[in-house]
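Student: The structure's right below; bear with me while I get my questions together.
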Amino acid sequence: MSGHLEIRGLQVRFGRATILQGIDLSVLGAPLSVVGRNGMGKTTMCSALMGMVSASGSAKLDGKEILGLGTGRVARSGIALVPQGRRMFPSLSVHEHLVLVAQKGNPAWTIDRVYETFPRLAERRRNGGDQLSGGEQQMLAISRALLMNPKLVIMDEPSEGLAPVIVDHLIEVLRNIATEGMGLLLIEQNLRVATSVSEQVAIMVTGKIAATLNSAELAADRDLQNRYLGVSHGH
Ligand SMILES: Nc1ncnc2c1ncn2[C@@H]1O[C@H](COP(=O)(O)OP(=O)(O)OP(=O)(O)O)[C@@H](O)[C@H]1O
Ligand SMILES: [Mg+2]
């Protein structure tokens with residue numbers, strides 16, 4: 001098995017503020033979701049893992065330390081990030097975006113496979129990044145990460161702003177990724193997505209993991225949801 005991520009004591013400070021206060025998480029052969037309200041530190045954790053902000057503690061991919069490597073080497077070691085809020089190049093077409101990251105040889109994820117998985121992107125292959133709907137942009141962002149054929153993919157709120165029918169398709173795609181042995185660390189505020197994709201859900205509260213729960217348990221327990229997530233969840 002590959003794509004194992006073990007995070008221990010991950011800390012990030014911005015000036016005097018300690019934004020991540022010692023995160024411990026493991027992605028070991030099954031997807032893991034991390035949920036939490038706005039401003040709790042989810043994106044900061046993603047940035048720290050990718051080497052985009054400096055952090056202390058440890059994060060190991062298949063036993064090898066990735067903290068301190070820098071973004072390029074983290075990516076080459078086998079981690080891809082789907083950043084929050086997408087960010088496509090307006091002047092590049094869908095197809096050009098994909099060609100930029102597609103790998104040679106015979107990898108698991110090819111442009112053909114992307115078009116089979118997301119028929120809508122095939123239809124829009126000549127359209128520019130600025131002509132895509134939010135859902136199409138998110139599919140493109142996910143496709144770019146998959147084309148890197150990483151050992152582990154980190155997705156930062158992929159369902160944000162998507163229509164419910166698109167969210168259903170996203171859930172299906174994420175479940176398939178998970179069955180193929182690619183590691184998945186899924187950041188979500190949509191509890192339905194988190195609990196449908198992973199069996200375990202970690203809850204981040206002000207830069208700490210407050211609890212790790214079974215998806216079924218969390219999905220069924222309104223009190224738990226209210227305690228950790230407040231009212232803005234699960235749409
Ligand atoms: N570059 C920065 N400098 C200082 N503070 C920052 C910086 N980036 C984020 N923060 C602060 O760190 C905290 C965590 O922010 P972060 O973006 O990680 O939260 P989040 O859980 O991803 O929220 P959301 O769900 O809204 O995306 C917030 O209080 C934010 O204001
Ligand atoms: Mg965020």
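For the structure tokens, the naming scheme is as follows: chains receive sequential letters (A, B, ...) according to their order of presentation, residues are indexed from 1 within each chain, and ligands are indexed from 1 in presentation order.
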Please return as a PyMOL selection string the residues found within 7 Å of ligand 1, counting only C-alpha atoms and all ligand atoms.
Tutor: chain A and resi 14+19+36-45+189
Student: Go ahead and save the residues from that selection, with C-alpha atoms, as an mmCIF file, in the first residue's frame.
Tutor:
```cif
data_model
loop_
_atom_site.group_PDB
_atom_site.id
_atom_site.type_symbol
_atom_site.label_atom_id
_atom_site.label_comp_id
_atom_site.auth_asym_id
_atom_site.auth_seq_id
_atom_site.Cartn_x
_atom_site.Cartn_y
_atom_site.Cartn_z
ATOM 1 C CA PHE A 14 1.289 33.369 11.942
ATOM 2 C CA ILE A 19 -3.242 28.635 13.969
ATOM 3 C CA GLY A 36 -14.839 22.084 10.681
ATOM 4 C CA ARG A 37 -16.355 25.524 10.567
ATOM 5 C CA ASN A 38 -14.903 28.541 8.781
ATOM 6 C CA GLY A 39 -11.540 29.739 10.022
ATOM 7 C CA MET A 40 -10.697 26.609 12.035
ATOM 8 C CA GLY A 41 -7.428 25.979 10.167
ATOM 9 C CA LYS A 42 -8.349 23.433 7.496
ATOM 10 C CA THR A 43 -6.774 25.292 4.585
ATOM 11 C CA THR A 44 -3.768 26.184 6.728
ATOM 12 C CA MET A 45 -3.227 22.455 7.306
ATOM 13 C CA GLN A 189 -17.890 21.544 5.316
#
```
Student: Within 12 Å of range 130-138 of chain A, counting only C-alpha atoms, which residues qualify if same-chain residues fewer than 6 places away don't, as a PyMOL selection string?
Tutor: chain A and resi 82-94+97+118-124+144-145+155-170
Student: Show me, as a VMD selection string, the residues that have an atom within 8 Å of Ser198 in chain A when counting only C-alpha atoms, minus same-chain residues fewer than 6 positions from it.
Tutor: chain A and resid 30 to 33 215
Student: Apply DSSP to the structure's backbone, then extract all residues of range 2-209 of chain A labelled helix (DSSP H, G or I) and return them as a ChimeraX atom specification.
Tutor: /A:42-49,71-77,94-101,111-117,119-123,129-131,134-147,164-179,191-197
Student: Can you list, as a ChimeraX atom specification, all residues belonging to range 69-127 of chain A that DSSP tags as strand (DSSP E)?
Tutor: /A:79-82
Student: Just all heavy atoms for this one: save the residues we selected as an mmCIF file, in the first residue's frame.
Tutor:
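result_4.cif was written with the following content:
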```cif
data_model
loop_
_atom_site.group_PDB
_atom_site.id
_atom_site.type_symbol
_atom_site.label_atom_id
_atom_site.label_comp_id
_atom_site.auth_asym_id
_atom_site.auth_seq_id
_atom_site.Cartn_x
_atom_site.Cartn_y
_atom_site.Cartn_z
ATOM 1 N N ILE A 79 2.193 13.916 -3.660
ATOM 2 C CA ILE A 79 0.977 14.515 -3.105
ATOM 3 C C ILE A 79 0.482 15.601 -4.056
ATOM 4 O O ILE A 79 1.250 16.457 -4.488
ATOM 5 C CB ILE A 79 1.216 15.138 -1.709
ATOM 6 C CG1 ILE A 79 1.796 14.092 -0.761
ATOM 7 C CG2 ILE A 79 -0.080 15.700 -1.149
ATOM 8 C CD1 ILE A 79 1.939 14.572 0.678
ATOM 9 N N ALA A 80 -0.804 15.541 -4.386
ATOM 10 C CA ALA A 80 -1.421 16.599 -5.196
ATOM 11 C C ALA A 80 -2.515 17.266 -4.379
ATOM 12 O O ALA A 80 -3.223 16.607 -3.615
ATOM 13 C CB ALA A 80 -2.001 16.020 -6.481
ATOM 14 N N LEU A 81 -2.626 18.584 -4.546
ATOM 15 C CA LEU A 81 -3.645 19.362 -3.830
ATOM 16 C C LEU A 81 -4.666 19.914 -4.820
ATOM 17 O O LEU A 81 -4.294 20.452 -5.858
ATOM 18 C CB LEU A 81 -2.971 20.532 -3.100
ATOM 19 C CG LEU A 81 -3.900 21.575 -2.468
ATOM 20 C CD1 LEU A 81 -4.658 20.995 -1.270
ATOM 21 C CD2 LEU A 81 -3.109 22.818 -2.039
ATOM 22 N N VAL A 82 -5.935 19.749 -4.488
ATOM 23 C CA VAL A 82 -6.991 20.491 -5.186
ATOM 24 C C VAL A 82 -7.326 21.662 -4.273
ATOM 25 O O VAL A 82 -7.955 21.485 -3.227
ATOM 26 C CB VAL A 82 -8.245 19.619 -5.419
ATOM 27 C CG1 VAL A 82 -9.324 20.424 -6.140
ATOM 28 C CG2 VAL A 82 -7.882 18.367 -6.221
#
```
Student: Can you work out the spacing between CA of Gly57 in chain A and CA of Ile209 in chain A in Å, to one decimal?
Tutor: 14.8 Å
Student: Which residue, A:Leu10, A:Ile154, A:Met182, A:Leu98, has the smallest gap to Gly207 in chain A when you use only C-alpha atoms?
Tutor: A:Leu10
Student: Report, in Å to a single decimal, how far apart CA of Asn226 in chain A and CA of Ala210 in chain A are.
Tutor: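 Those two atoms sit 13.6 Å apart.
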Student: Between A:Ala59, A:Leu140, A:Leu20, A:Cys46, single out the one closest to ligand 2, counting only C-alpha atoms and all ligand atoms.
Tutor: A:Cys46
Student: Using only C-alpha atoms and all ligand atoms, which of the listed residues (A:Glu180, A:Leu218, A:Ser54, A:Leu186) sits closest to ligand 2?
Tutor: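 The shortest atom-to-atom distance to ligand 2 comes from A:Leu186.
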Student: Go through A:Asn149, A:Ser196, A:Ser26, A:Val34 and flag the residue nearest Ala219 in chain A, using only C-alpha atoms for the distances.
Tutor: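 Once distances to Ala219 in chain A are computed over only C-alpha atoms, the minimum belongs to A:Ser196.
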Student: Using only C-alpha atoms, which residues sit within 8 Å of Ala48 in chain A once same-chain residues fewer than 5 positions away are excluded, as number ranges by chain?
Tutor: A: 12, 53-55, 67
Student: If you keep N, CA, C and O atoms, can you produce a file of those selected residues as a PDB file, in the first residue's frame?
Tutor:
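Contents of the output file result.pdb:
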```
ATOM      1  N   VAL A  12       1.378  25.440  13.159  1.00  0.00           N
ATOM      2  CA  VAL A  12       1.639  26.598  12.295  1.00  0.00           C
ATOM      3  C   VAL A  12       1.358  27.861  13.094  1.00  0.00           C
ATOM      4  O   VAL A  12       0.321  27.971  13.755  1.00  0.00           O
ATOM      5  N   VAL A  53       3.333  26.994   3.579  1.00  0.00           N
ATOM      6  CA  VAL A  53       3.599  27.811   4.765  1.00  0.00           C
ATOM      7  C   VAL A  53       4.497  26.982   5.668  1.00  0.00           C
ATOM      8  O   VAL A  53       4.479  25.749   5.606  1.00  0.00           O
ATOM      9  N   SER A  54       5.314  27.664   6.495  1.00  0.00           N
ATOM     10  CA  SER A  54       6.229  26.869   7.310  1.00  0.00           C
ATOM     11  C   SER A  54       5.506  26.352   8.545  1.00  0.00           C
ATOM     12  O   SER A  54       4.604  26.988   9.091  1.00  0.00           O
ATOM     13  N   ALA A  55       5.909  25.158   8.938  1.00  0.00           N
ATOM     14  CA  ALA A  55       5.221  24.439  10.006  1.00  0.00           C
ATOM     15  C   ALA A  55       6.234  23.646  10.789  1.00  0.00           C
ATOM     16  O   ALA A  55       7.304  23.319  10.293  1.00  0.00           O
ATOM     17  N   LEU A  67       7.589  17.526   5.584  1.00  0.00           N
ATOM     18  CA  LEU A  67       7.642  18.907   6.083  1.00  0.00           C
ATOM     19  C   LEU A  67       9.024  19.482   5.811  1.00  0.00           C
ATOM     20  O   LEU A  67      10.030  18.833   6.068  1.00  0.00           O
TER      21      LEU A  67
END
```
Student: So that I can check the surroundings of Val27 in chain A, please list as an MDAnalysis selection string every protein, DNA and RNA residue that reaches within 7 Å of it, counting only C-alpha atoms and ignoring chain neighbours fewer than 5 positions away.
Tutor: chainID A and resid 4:6 32 185
Student: Hey, can you check how far CA of Ala141 in chain A sits from CA of Leu100 in chain A?
Tutor: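 Here the two named atoms are 12.4 Å from each other.
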Student: Compare A:Gly51, A:Lys151, A:Glu188, A:Val201 by their minimum atom-to-atom distance to ligand 2, counting only C-alpha atoms and all ligand atoms, and give me the closest one.
Tutor: A:Glu188
Student: Quick one: everything within 12 Å of Ala220 in chain A, counting only C-alpha atoms, minus sequence neighbours fewer than 5 positions away in the same chain. Send it as an MDAnalysis selection string.
Tutor: chainID A and resid 191:192 195 213:215 225:226
Student: Which is closest to ligand 2 among A:Met50, A:Ala17, A:Val35, A:Leu147, if we use only C-alpha atoms and all ligand atoms?
Tutor: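 Among the listed residues, A:Val35 lies closest to ligand 2.
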